[in-house]
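Visitor: So I've got this file, input.txt, and it contains compact mmCIF, C-alpha atoms:
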```
# COMPACT_ATOMS: atom_id res chain seq x y z
CA MET D 28 -16.17 -11.53 -19.23
CA ASP D 29 -19.32 -11.56 -17.12
CA LEU D 30 -22.01 -10.32 -19.50
CA GLU D 31 -24.81 -10.90 -16.99
CA LEU D 32 -23.20 -8.54 -14.50
CA MET D 33 -22.76 -5.93 -17.19
CA ILE D 34 -26.43 -6.11 -18.16
CA ASN D 35 -27.59 -6.14 -14.54
CA SER D 36 -25.45 -3.20 -13.50
CA PHE D 37 -26.38 -1.07 -16.51
CA PRO D 38 -29.70 0.31 -15.14
CA LYS D 39 -28.11 1.01 -11.74
CA LEU D 40 -25.25 2.90 -13.37
CA LEU D 41 -27.64 4.75 -15.63
CA ASN D 42 -29.61 5.94 -12.61
CA ALA D 43 -26.38 7.09 -11.02
CA ALA D 44 -25.48 8.95 -14.21
CA VAL D 45 -28.54 11.13 -13.61
CA ILE D 46 -27.00 12.25 -10.31
CA THR D 47 -23.72 12.97 -12.11
CA LEU D 48 -25.57 15.11 -14.64
CA LYS D 49 -27.43 16.95 -11.86
CA LEU D 50 -24.18 17.71 -10.02
CA LEU D 51 -22.63 18.83 -13.30
CA SER D 52 -25.42 21.12 -14.45
CA VAL D 53 -26.01 22.82 -11.10
CA SER D 54 -22.32 23.48 -10.51
CA LEU D 55 -21.80 24.67 -14.09
CA ILE D 56 -24.62 27.22 -13.81
CA ILE D 57 -23.35 28.57 -10.48
CA GLY D 58 -19.76 28.40 -11.76
CA LEU D 59 -20.63 30.41 -14.85
CA PHE D 60 -21.88 33.31 -12.72
CA ILE D 61 -18.83 33.09 -10.44
CA GLY D 62 -16.59 32.98 -13.50
CA LEU D 63 -18.24 35.97 -15.15
CA PHE D 64 -18.03 37.93 -11.90
CA PHE D 65 -14.31 37.27 -11.46
CA ALA D 66 -13.57 37.81 -15.15
CA ILE D 67 -15.06 41.29 -14.85
CA LEU D 68 -12.98 41.89 -11.72
CA ARG D 69 -9.88 40.84 -13.65
CA LEU D 70 -10.58 43.53 -16.25
CA ASN D 71 -10.79 46.15 -13.51
CA LYS D 72 -7.93 48.65 -13.47
CA ASN D 73 -7.74 48.71 -9.68
CA ILE D 74 -4.68 46.61 -8.78
CA LEU D 75 -6.12 45.37 -5.50
CA ILE D 76 -9.33 44.06 -7.09
CA ASN D 77 -7.34 42.62 -9.97
CA ARG D 78 -4.94 40.83 -7.64
CA PHE D 79 -7.81 39.43 -5.58
CA ALA D 80 -9.46 37.93 -8.65
CA TYR D 81 -6.13 36.56 -9.86
CA GLY D 82 -5.43 35.05 -6.44
CA TYR D 83 -8.81 33.30 -6.45
CA SER D 84 -8.22 31.68 -9.81
CA TYR D 85 -4.59 30.84 -8.95
CA VAL D 86 -5.48 29.05 -5.73
CA PHE D 87 -8.36 27.07 -7.20
CA ARG D 88 -6.42 26.10 -10.32
CA GLY D 89 -3.25 25.27 -8.41
CA THR D 90 -4.74 22.82 -5.91
CA PRO D 91 -6.43 19.47 -6.56
CA LEU D 92 -10.23 19.43 -6.59
CA LEU D 93 -10.10 16.67 -3.98
CA VAL D 94 -8.45 19.02 -1.46
CA GLN D 95 -11.10 21.65 -2.14
CA ILE D 96 -13.94 19.21 -1.52
CA PHE D 97 -12.33 17.92 1.66
CA ILE D 98 -11.75 21.44 3.03
CA ILE D 99 -15.38 22.35 2.43
CA TYR D 100 -16.93 19.06 3.54
CA PHE D 101 -14.69 18.02 6.46
CA GLY D 102 -13.00 21.34 7.25
CA LEU D 103 -15.80 23.87 7.45
CA GLY D 104 -17.88 21.66 9.75
CA GLN D 105 -15.18 22.12 12.35
CA ILE D 106 -15.86 25.84 12.77
CA GLU D 107 -18.26 26.08 15.71
CA TYR D 108 -19.61 29.43 14.61
CA LEU D 109 -20.71 28.09 11.22
CA ARG D 110 -22.71 25.32 12.85
CA SER D 111 -24.97 27.86 14.50
CA THR D 112 -25.73 29.84 11.35
CA VAL D 113 -28.24 29.21 8.58
CA LEU D 114 -25.36 28.15 6.32
CA TRP D 115 -25.09 24.92 8.25
CA VAL D 116 -28.31 23.66 6.64
CA ILE D 117 -26.39 23.64 3.35
CA LEU D 118 -22.93 22.73 4.62
CA LYS D 119 -23.97 19.59 6.47
CA GLU D 120 -25.19 18.05 3.21
CA PRO D 121 -22.42 16.33 1.26
CA TYR D 122 -24.37 17.02 -1.93
CA TRP D 123 -24.22 20.79 -1.49
CA CYS D 124 -20.64 20.74 -0.27
CA ALA D 125 -19.65 18.96 -3.46
CA ILE D 126 -21.58 21.46 -5.54
CA ILE D 127 -19.95 24.42 -3.76
CA ALA D 128 -16.50 22.95 -4.37
CA PHE D 129 -17.27 22.17 -8.03
CA ALA D 130 -18.80 25.59 -8.65
CA LEU D 131 -15.83 27.42 -7.11
CA ASN D 132 -13.41 25.23 -9.05
CA THR D 133 -15.09 25.58 -12.43
CA GLY D 134 -15.65 29.27 -11.67
CA ALA D 135 -11.88 29.77 -11.44
CA TYR D 136 -11.27 28.12 -14.82
CA THR D 137 -14.26 29.86 -16.40
CA SER D 138 -13.03 33.26 -15.22
CA GLU D 139 -9.72 32.65 -17.02
CA ILE D 140 -11.51 31.55 -20.20
CA LEU D 141 -13.83 34.56 -20.18
CA ARG D 142 -11.05 36.99 -19.30
CA SER D 143 -8.96 35.96 -22.28
CA ALA D 144 -12.10 36.09 -24.45
CA PHE D 145 -12.81 39.66 -23.33
CA GLN D 146 -9.22 40.64 -23.95
CA THR D 147 -9.21 39.33 -27.51
CA ILE D 148 -12.15 41.53 -28.52
CA LYS D 149 -10.79 44.11 -30.94
CA PRO D 150 -10.92 47.65 -29.49
CA GLY D 151 -12.32 48.82 -32.83
CA ILE D 152 -15.57 47.00 -32.18
CA ILE D 153 -16.09 48.78 -28.87
CA GLU D 154 -15.10 52.10 -30.45
CA ALA D 155 -17.59 51.48 -33.23
CA GLY D 156 -20.28 51.00 -30.60
CA LYS D 157 -19.27 54.21 -28.86
CA SER D 158 -19.28 56.23 -32.04
CA LEU D 159 -22.82 55.02 -32.71
CA GLY D 160 -23.74 56.61 -29.39
CA ILE D 161 -24.47 53.35 -27.57
CA SER D 162 -24.06 53.55 -23.80
CA ASN D 163 -21.26 51.63 -22.07
CA LYS D 164 -23.71 49.30 -20.39
CA VAL D 165 -25.37 48.33 -23.65
CA ILE D 166 -21.98 47.92 -25.31
CA PHE D 167 -21.02 45.51 -22.56
CA TYR D 168 -24.20 43.43 -22.63
CA LYS D 169 -25.01 43.56 -26.34
CA ILE D 170 -21.57 43.62 -27.92
CA GLN D 171 -18.83 42.43 -25.58
CA ILE D 172 -20.65 39.54 -23.89
CA PRO D 173 -21.99 37.91 -27.10
CA ILE D 174 -18.56 38.11 -28.74
CA ALA D 175 -16.85 36.81 -25.60
CA ILE D 176 -19.26 33.87 -25.46
CA ARG D 177 -18.51 33.00 -29.06
CA GLN D 178 -14.76 33.28 -28.46
CA SER D 179 -14.79 31.14 -25.36
CA LEU D 180 -17.04 28.33 -26.62
CA PRO D 181 -14.27 25.85 -27.59
CA ALA D 182 -12.37 26.34 -24.33
CA TYR D 183 -15.57 26.25 -22.31
CA GLY D 184 -16.57 23.00 -24.00
CA ASN D 185 -13.33 21.46 -22.73
CA GLU D 186 -14.05 22.84 -19.29
CA ILE D 187 -17.51 21.21 -19.26
CA ILE D 188 -15.96 17.83 -20.08
CA LEU D 189 -13.23 18.30 -17.45
CA MET D 190 -15.90 19.23 -14.92
CA MET D 191 -17.96 16.17 -15.80
CA LYS D 192 -14.92 14.06 -14.98
CA GLY D 193 -14.43 16.15 -11.84
CA THR D 194 -17.90 15.29 -10.52
CA SER D 195 -16.61 11.74 -10.02
CA LEU D 196 -14.88 13.07 -6.88
CA ALA D 197 -18.30 13.50 -5.29
CA SER D 198 -18.10 9.78 -4.61
CA THR D 199 -15.35 10.48 -2.04
CA VAL D 200 -17.85 12.34 0.14
CA THR D 201 -20.44 9.53 0.13
CA ILE D 202 -22.48 10.70 -2.87
CA MET D 203 -23.56 7.78 -5.04
CA ASP D 204 -22.88 9.26 -8.44
CA LEU D 205 -21.81 7.21 -11.47
CA THR D 206 -18.30 6.60 -10.11
CA GLY D 207 -19.62 6.00 -6.59
CA VAL D 208 -22.01 3.27 -7.76
CA ALA D 209 -19.35 1.81 -10.06
CA LYS D 210 -16.94 1.57 -7.15
CA TYR D 211 -19.62 -0.05 -5.00
CA ILE D 212 -20.36 -2.69 -7.63
CA ILE D 213 -16.64 -3.33 -8.19
CA SER D 214 -15.95 -3.77 -4.50
CA THR D 215 -18.89 -6.18 -4.02
CA THR D 216 -18.37 -8.30 -7.15
CA PHE D 217 -14.60 -7.90 -7.74
CA LYS D 218 -15.20 -7.59 -11.47
CA PRO D 219 -13.47 -4.25 -12.19
CA ILE D 220 -13.12 -4.63 -15.95
CA GLU D 221 -16.79 -5.33 -16.67
CA VAL D 222 -17.99 -2.46 -14.50
CA PHE D 223 -15.34 -0.14 -15.95
CA ILE D 224 -16.52 -0.88 -19.47
CA VAL D 225 -20.15 -0.08 -18.65
CA ALA D 226 -19.50 2.98 -16.47
CA GLY D 227 -16.75 4.25 -18.76
CA GLY D 228 -19.06 3.75 -21.73
CA ILE D 229 -21.72 5.92 -20.10
CA TYR D 230 -19.14 8.63 -19.36
CA LEU D 231 -17.85 8.48 -22.93
CA PHE D 232 -21.38 8.76 -24.26
CA MET D 233 -21.95 11.90 -22.18
CA THR D 234 -18.61 13.34 -23.34
CA PHE D 235 -19.61 12.60 -26.93
CA ILE D 236 -22.95 14.43 -26.55
CA ILE D 237 -21.38 17.47 -24.86
CA HIS D 238 -18.65 17.61 -27.50
CA ASN D 239 -21.17 17.61 -30.34
CA VAL D 240 -23.51 20.13 -28.73
CA ILE D 241 -20.58 22.54 -28.34
CA LYS D 242 -19.51 21.92 -31.93
CA PHE D 243 -23.05 22.68 -33.08
CA LEU D 244 -23.14 25.90 -31.05
CA GLU D 245 -19.75 26.93 -32.41
CA LYS D 246 -21.02 26.54 -35.94
CA LYS D 247 -24.24 28.37 -35.16
CA TYR D 248 -22.49 31.37 -33.64
CA SER D 249 -19.49 31.49 -35.95
CA PHE D 250 -18.89 34.79 -37.74
CA ASN D 251 -18.87 33.55 -41.30
CA MET F 21 2.13 25.33 14.93
CA GLU F 22 3.00 22.45 17.25
CA LEU F 23 0.83 20.32 14.99
CA LEU F 24 3.53 20.71 12.36
CA ALA F 25 6.46 19.93 14.68
CA PHE F 26 8.96 17.37 13.47
CA GLY F 27 9.36 14.19 15.51
CA ASP F 28 6.82 12.26 17.55
CA THR F 29 4.77 15.22 18.70
CA GLY F 30 3.80 16.75 15.37
CA TRP F 31 3.04 15.91 11.78
CA GLY F 32 5.80 17.97 10.18
CA ASP F 33 8.13 15.14 9.23
CA GLU F 34 5.26 12.89 8.08
CA LEU F 35 3.94 15.63 5.81
CA PHE F 36 7.45 16.32 4.55
CA TYR F 37 7.91 12.69 3.50
CA ALA F 38 4.40 12.69 2.05
CA THR F 39 5.35 15.68 -0.10
CA LEU F 40 8.42 13.83 -1.34
CA MET F 41 6.15 10.87 -2.14
CA THR F 42 3.82 13.13 -4.15
CA ILE F 43 6.80 14.46 -6.10
CA ALA F 44 8.13 10.94 -6.69
CA VAL F 45 4.77 9.61 -7.90
CA SER F 46 4.23 12.65 -10.14
CA ILE F 47 7.64 12.34 -11.79
CA THR F 48 7.28 8.57 -12.24
CA ALA F 49 3.80 9.02 -13.70
CA MET F 50 4.97 11.78 -16.02
CA PHE F 51 7.80 9.53 -17.19
CA ILE F 52 5.45 6.59 -17.79
CA GLY F 53 3.24 9.05 -19.64
CA PHE F 54 6.17 10.00 -21.91
CA LEU F 55 6.73 6.32 -22.68
CA PHE F 56 3.07 5.99 -23.69
CA ALA F 57 3.35 9.16 -25.76
CA LEU F 58 6.44 7.73 -27.45
CA ILE F 59 4.37 4.74 -28.56
CA PHE F 60 1.11 6.47 -29.42
CA THR F 61 2.28 9.71 -31.07
CA PRO F 62 3.77 7.87 -34.09
CA LEU F 63 0.59 5.77 -34.29
CA LYS F 64 -1.47 8.96 -34.37
CA LEU F 65 0.64 10.46 -37.13
CA SER F 66 0.82 7.23 -39.10
CA LYS F 67 -1.02 6.94 -42.40
CA ASN F 68 -2.36 3.52 -41.47
CA LYS F 69 -6.06 3.85 -40.53
CA PHE F 70 -5.97 0.95 -38.11
CA LEU F 71 -3.01 2.32 -36.14
CA ASN F 72 -4.74 5.69 -36.11
CA PHE F 73 -7.83 4.07 -34.70
CA ILE F 74 -5.89 2.42 -31.86
CA ALA F 75 -4.18 5.66 -30.86
CA ASN F 76 -7.38 7.68 -31.12
CA SER F 77 -9.28 5.18 -28.97
CA TYR F 78 -6.59 5.44 -26.31
CA THR F 79 -6.66 9.24 -26.09
CA THR F 80 -10.43 9.50 -26.43
CA ILE F 81 -11.20 6.93 -23.74
CA ILE F 82 -8.68 8.26 -21.25
CA ARG F 83 -9.71 11.88 -21.77
CA GLY F 84 -13.42 11.07 -21.58
CA VAL F 85 -13.46 8.85 -18.49
CA PRO F 86 -12.88 10.23 -14.97
CA GLU F 87 -9.41 9.71 -13.51
CA LEU F 88 -10.89 8.21 -10.37
CA LEU F 89 -12.60 5.46 -12.38
CA VAL F 90 -9.30 4.59 -14.09
CA ILE F 91 -7.60 4.44 -10.69
CA TYR F 92 -10.31 2.11 -9.34
CA LEU F 93 -9.84 -0.11 -12.41
CA PHE F 94 -6.13 -0.43 -11.69
CA PHE F 95 -6.54 -0.64 -7.93
CA PHE F 96 -9.09 -3.46 -8.05
CA GLY F 97 -8.06 -4.98 -11.36
CA GLY F 98 -4.27 -4.60 -11.30
CA THR F 99 -3.58 -7.48 -8.95
CA GLY F 100 -5.92 -9.77 -10.86
CA ALA F 101 -4.31 -8.95 -14.19
CA VAL F 102 -0.77 -9.51 -12.92
CA MET F 103 -1.79 -12.80 -11.25
CA PHE F 104 -3.44 -13.92 -14.48
CA VAL F 105 -0.27 -13.26 -16.44
CA ALA F 106 1.78 -14.99 -13.74
CA SER F 107 -0.53 -18.03 -13.80
CA ILE F 108 0.24 -18.50 -17.49
CA PHE F 109 3.86 -18.92 -16.46
CA GLY F 110 2.81 -21.38 -13.77
CA TYR F 111 3.03 -19.11 -10.74
CA ASN F 112 -0.14 -19.38 -8.66
CA GLU F 113 0.75 -17.68 -5.38
CA TYR F 114 -0.94 -14.42 -4.38
CA ILE F 115 0.90 -11.40 -5.73
CA GLU F 116 0.37 -8.02 -4.16
CA ILE F 117 1.32 -5.05 -6.25
CA ASN F 118 2.76 -2.08 -4.53
CA ALA F 119 0.39 0.94 -4.25
CA PHE F 120 3.12 3.17 -5.65
CA ILE F 121 3.42 1.18 -8.87
CA THR F 122 -0.35 0.85 -9.35
CA GLY F 123 -0.85 4.55 -8.70
CA ALA F 124 2.02 5.76 -10.85
CA PHE F 125 0.91 3.48 -13.67
CA ALA F 126 -2.73 4.63 -13.52
CA ILE F 127 -1.79 8.31 -13.46
CA GLY F 128 0.90 7.65 -16.08
CA ILE F 129 -1.62 6.24 -18.54
CA ILE F 130 -3.79 9.32 -18.04
CA SER F 131 -0.85 11.69 -18.34
CA GLY F 132 0.31 9.81 -21.45
CA ALA F 133 -2.94 10.53 -23.26
CA TYR F 134 -2.48 14.25 -22.71
CA SER F 135 1.22 14.12 -23.64
CA THR F 136 0.38 12.25 -26.85
CA GLU F 137 -1.94 15.05 -27.91
CA VAL F 138 0.69 17.66 -27.07
CA PHE F 139 3.44 15.92 -29.08
CA ARG F 140 1.10 15.29 -31.99
CA GLY F 141 0.18 18.96 -32.11
CA ALA F 142 3.81 20.05 -31.83
CA ILE F 143 5.09 17.75 -34.58
CA GLN F 144 2.23 18.67 -36.87
CA SER F 145 2.96 22.36 -36.53
CA ILE F 146 6.57 21.96 -37.67
CA ASP F 147 6.95 23.30 -41.17
CA ASN F 148 7.14 20.67 -43.90
CA GLY F 149 10.24 22.40 -45.27
CA GLN F 150 12.17 21.28 -42.20
CA PHE F 151 11.54 17.62 -43.05
CA GLU F 152 12.46 18.25 -46.66
CA ALA F 153 15.60 20.18 -45.73
CA ALA F 154 16.68 17.31 -43.50
CA ASN F 155 16.21 14.92 -46.42
CA VAL F 156 18.14 17.18 -48.74
CA LEU F 157 21.03 17.30 -46.26
CA GLY F 158 21.09 13.53 -46.46
CA LEU F 159 20.56 12.94 -42.75
CA ASN F 160 19.52 9.46 -41.79
CA LYS F 161 16.28 8.78 -39.84
CA PHE F 162 17.86 9.19 -36.42
CA GLY F 163 19.75 12.34 -37.30
CA LYS F 164 16.62 13.78 -38.82
CA PHE F 165 14.58 13.07 -35.73
CA PHE F 166 17.07 13.93 -33.00
CA LYS F 167 18.87 16.86 -34.59
CA ILE F 168 16.09 18.60 -36.50
CA ILE F 169 12.60 17.54 -35.47
CA LEU F 170 12.96 16.88 -31.74
CA PRO F 171 14.55 20.21 -30.71
CA GLN F 172 11.83 22.13 -32.53
CA THR F 173 9.11 19.87 -31.17
CA LEU F 174 10.33 20.43 -27.62
CA ARG F 175 10.22 24.19 -28.01
CA LEU F 176 6.60 24.03 -29.12
CA ALA F 177 5.63 21.30 -26.66
CA ILE F 178 7.09 22.62 -23.41
CA PRO F 179 4.39 25.22 -22.63
CA ASN F 180 1.68 22.58 -23.13
CA LEU F 181 3.67 19.91 -21.33
CA SER F 182 3.79 22.19 -18.32
CA ASN F 183 -0.02 22.03 -18.30
CA VAL F 184 0.18 18.24 -18.46
CA TRP F 185 2.59 18.31 -15.53
CA GLN F 186 0.14 20.43 -13.50
CA ILE F 187 -2.70 18.02 -14.30
CA THR F 188 -0.52 15.03 -13.39
CA LEU F 189 0.62 16.60 -10.13
CA LYS F 190 -2.96 17.33 -9.09
CA ASP F 191 -4.19 13.91 -10.22
CA THR F 192 -1.78 12.19 -7.85
CA SER F 193 -4.02 13.38 -4.99
CA LEU F 194 -6.52 10.79 -6.24
CA ILE F 195 -4.11 7.93 -5.56
CA SER F 196 -4.79 8.55 -1.87
CA VAL F 197 -7.90 6.35 -2.29
CA THR F 198 -5.59 3.38 -2.81
CA GLY F 199 -3.80 4.00 0.47
CA LEU F 200 -0.47 5.32 -0.82
CA VAL F 201 0.75 7.82 1.77
CA GLU F 202 1.18 11.00 -0.23
CA ILE F 203 0.11 14.53 0.79
CA MET F 204 -3.63 13.86 0.64
CA ARG F 205 -3.50 10.52 2.45
CA GLN F 206 -1.19 11.88 5.15
CA SER F 207 -3.48 14.87 5.71
CA TYR F 208 -6.41 12.48 5.96
CA ILE F 209 -4.59 10.45 8.62
CA ALA F 210 -3.49 13.55 10.51
CA ALA F 211 -6.94 15.11 10.30
CA GLY F 212 -8.49 11.91 11.64
CA SER F 213 -6.20 11.56 14.61
CA THR F 214 -6.12 15.23 15.65
CA ARG F 215 -9.72 16.04 14.67
CA ASP F 216 -8.48 19.13 12.93
CA PRO F 217 -9.38 18.57 9.26
CA LEU F 218 -9.63 22.27 8.41
CA PHE F 219 -6.01 22.89 9.32
CA PHE F 220 -4.54 19.81 7.67
CA TYR F 221 -6.49 20.01 4.41
CA SER F 222 -5.69 23.73 4.15
CA PHE F 223 -2.05 22.89 4.75
CA ALA F 224 -2.27 20.23 2.02
CA ALA F 225 -3.65 22.90 -0.31
CA VAL F 226 -0.68 25.13 0.56
CA LEU F 227 1.75 22.28 -0.17
CA TYR F 228 0.16 21.67 -3.58
CA LEU F 229 0.26 25.39 -4.36
CA LEU F 230 3.92 25.45 -3.42
CA LEU F 231 4.64 22.48 -5.67
CA THR F 232 2.82 23.99 -8.64
CA PHE F 233 4.45 27.38 -8.05
CA VAL F 234 8.00 26.04 -7.84
CA SER F 235 7.58 23.67 -10.79
CA MET F 236 6.16 26.48 -12.93
CA LYS F 237 9.25 28.58 -12.19
CA LEU F 238 11.53 25.72 -13.21
CA ILE F 239 9.56 24.99 -16.39
CA ASN F 240 9.67 28.67 -17.37
CA ARG F 241 13.45 28.45 -17.29
CA LEU F 242 13.34 25.41 -19.58
CA GLU F 243 11.04 27.30 -21.89
CA VAL F 244 13.53 30.15 -22.15
CA ARG F 245 16.35 27.68 -22.77
CA TYR F 246 14.55 25.93 -25.61
CA SER F 247 13.42 29.12 -27.32
CA ARG F 248 16.93 30.45 -27.72
CA GLY F 249 17.21 31.88 -31.18
CA TYR F 250 13.55 32.81 -31.49
```
Using structure tokens, write down the structure that the file contains.

Guide:
Amino acid sequence: MDLELMINSFPKLLNAAVITLKLLSVSLIIGLFIGLFFAILRLNKNILINRFAYGYSYVFRGTPLLVQIFIIYFGLGQIEYLRSTVLWVILKEPYWCAIIAFALNTGAYTSEILRSAFQTIKPGIIEAGKSLGISNKVIFYKIQIPIAIRQSLPAYGNEIILMMKGTSLASTVTIMDLTGVAKYIISTTFKPIEVFIVAGGIYLFMTFIIHNVIKFLEKKYSFN
Amino acid sequence: MELLAFGDTGWGDELFYATLMTIAVSITAMFIGFLFALIFTPLKLSKNKFLNFIANSYTTIIRGVPELLVIYLFFFGGTGAVMFVASIFGYNEYIEINAFITGAFAIGIISGAYSTEVFRGAIQSIDNGQFEAANVLGLNKFGKFFKIILPQTLRLAIPNLSNVWQITLKDTSLISVTGLVEIMRQSYIAAGSTRDPLFFYSFAAVLYLLLTFVSMKLINRLEVRYSRGY
């Protein structure tokens, strides 16, 4: 056990963890909006719209995240037309490609979580709102969304942790996140176990924090 | 389309074999995962605090650390560990472990953590009366487990195990970093030599979708079979 290496690599890995957290938070915020948008589409009675939203979540949940990143990072650059548009400013950066892939991926899972949350809301609650003369819009924003958020918190907490693990794939497109730096240190020192303990420890610590924050929120917003 | 031709001119046959490789690694990993679950589920359900602690550490660590990091640990550390064990027995030559075994083992350990949780949940949700009834009937330990507990556990576990299978199948794409030629690695090679990454990675996505779609259909059948009588 090389303790010196573990101590020396700790600050480097901690710095890299900041990049992991940045990737995670940005893609979660974008993904939440995507998820909400598609969850609402899923509740639509129009079959075509419904199918489209289902297809989106099916494709993104049925393929590995690695494929999605590679299609966006390596694949889209191949389209000549895209290179001449403003989008290219974003798409030539591996950082943004990773975020787009993560956001679309977590958006697909989030849309499923929110959809099932919306569907478990008892019709009586909405009817109660209607009989009080509240408009549909207000019912949606003030009654349905808060209840759906409460319902989906446990599942969404899992999704956040899964996504945090997913951000490790950013290292495959040259981003030096926690896993990227860990791999670099492993391949230069050939001490995989020591580096794994430190990097894994940082990941576990982040998982622990997320888990407890979600638990706290669940308690805060619980009905009883 | 000629990019997908079989033979020397296209990548069809290579991608076909790569798909078989993905299926083989996934099944092997799932099986290794079951073996881990077989060891750790009883530990989780045991009344001994220390055994509980071991099993909980296993599932917590694996589910809290990225799959890619675990794969790097095995990829870079696997050879060293095996050579260390071999050196105890006096064998000091260089040993190279096959990428298939390293990959299947790494994914298997991950899959095992999820399977353990699934089995634990399923066994815990079996009514206590079933255990008591089995005792009353005078069944021995094996009869109790195989004839009464296991069939009911499977019925409850199969829907969740199908999720574990999906996760395992998708995780095998990460083994491509170790150089094992499965779908992802083959697409990477093909994309590099034809300079057509968009086509090959999209095709890889289609292959994965096909695999998840077909396996879901098969698992649904199993589900129906095991819920006979309910």

Visitor: Rounded to one decimal, what separation in Å do you get between CA of Leu50 (chain D) and CA of Ile202 (chain D)?

Guide: 10.2 Å

Visitor: Could you check the closest approach to chain D for each of F:Arg140, F:Arg83, F:Arg248, F:Lys161 and tell me which residue wins, using only C-alpha atoms?

Guide: F:Arg83

Visitor: Dump as an MDAnalysis selection string the residues of chain D that approach chain F to within 10 Å, counting all atoms listed in the file.

Guide: chainID D and resid 85:106 188:196 198:199 205:207 209:210 213:214 217:224 226:235

Visitor: Find the residues around Leu59 (chain D) up to 9 Å (all atoms listed in the file counted), leave out those fewer than 2 positions away in its own chain, and share them as a ChimeraX atom specification.

Guide: /D:54-57,61-64,130,133-134,137-138

Visitor: Between D:Gly58, D:Ser249, D:Met33, D:Glu107, which residue has the minimum interatomic distance to Leu131 (chain D), considering only C-alpha atoms?

Guide: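 Looking at the shortest contact to Leu131 (chain D), the residue is D:Gly58.
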
Visitor: Could you check which of D:Glu31, D:Asn73, D:Ile241, D:Thr201 is closest to Pro121 (chain D), using only C-alpha atoms?

Guide: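 Of all the options, D:Thr201 lies closest to Pro121 (chain D).
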
Visitor: Work out how far CA of Ile140 (chain D) is from CA of Glu186 (chain D), in Å to one decimal.

Guide: 9.1 Å

Visitor: Rounded to one decimal, what separation in Å do you get between CA of Ala128 (chain D) and CA of Val208 (chain D)?

Guide: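 Interatomic distance, CA of Ala128 (chain D) to CA of Val208 (chain D): 20.7 Å.
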
Visitor: Could you add whatever atoms are missing so that region 82-96 of chain F carries N, CA and C atoms, then write the result as a tab-separated table (two decimals), in the coordinates of the input?

Guide:
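Result went into selection24.tsv, see below:
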```tsv
chain	number	residue	atom	x	y	z
F	82	ILE	N	-9.30	7.74	-22.46
F	82	ILE	CA	-8.68	8.26	-21.25
F	82	ILE	C	-9.15	9.70	-20.97
F	83	ARG	N	-9.32	10.49	-22.02
F	83	ARG	CA	-9.71	11.88	-21.77
F	83	ARG	C	-11.20	12.03	-21.54
F	84	GLY	N	-11.98	10.97	-21.78
F	84	GLY	CA	-13.42	11.07	-21.58
F	84	GLY	C	-13.92	10.36	-20.34
F	85	VAL	N	-13.04	9.61	-19.67
F	85	VAL	CA	-13.46	8.85	-18.49
F	85	VAL	C	-12.77	9.46	-17.27
F	86	PRO	N	-13.49	9.60	-16.14
F	86	PRO	CA	-12.88	10.23	-14.97
F	86	PRO	C	-11.63	9.50	-14.49
F	87	GLU	N	-10.66	10.27	-14.01
F	87	GLU	CA	-9.41	9.71	-13.51
F	87	GLU	C	-9.66	8.70	-12.39
F	88	LEU	N	-10.63	9.06	-11.53
F	88	LEU	CA	-10.89	8.21	-10.37
F	88	LEU	C	-11.33	6.81	-10.80
F	89	LEU	N	-12.12	6.74	-11.87
F	89	LEU	CA	-12.60	5.46	-12.38
F	89	LEU	C	-11.43	4.62	-12.90
F	90	VAL	N	-10.49	5.29	-13.58
F	90	VAL	CA	-9.30	4.59	-14.09
F	90	VAL	C	-8.49	4.05	-12.92
F	91	ILE	N	-8.37	4.88	-11.86
F	91	ILE	CA	-7.60	4.44	-10.69
F	91	ILE	C	-8.27	3.24	-10.03
F	92	TYR	N	-9.60	3.26	-9.92
F	92	TYR	CA	-10.31	2.11	-9.34
F	92	TYR	C	-10.07	0.87	-10.19
F	93	LEU	N	-10.08	1.04	-11.52
F	93	LEU	CA	-9.84	-0.11	-12.41
F	93	LEU	C	-8.48	-0.73	-12.10
F	94	PHE	N	-7.47	0.10	-11.94
F	94	PHE	CA	-6.13	-0.43	-11.69
F	94	PHE	C	-6.00	-0.95	-10.27
F	95	PHE	N	-6.65	-0.25	-9.34
F	95	PHE	CA	-6.54	-0.64	-7.93
F	95	PHE	C	-7.18	-2.01	-7.71
F	96	PHE	N	-8.40	-2.19	-8.25
F	96	PHE	CA	-9.09	-3.46	-8.05
F	96	PHE	C	-8.69	-4.50	-9.09
```
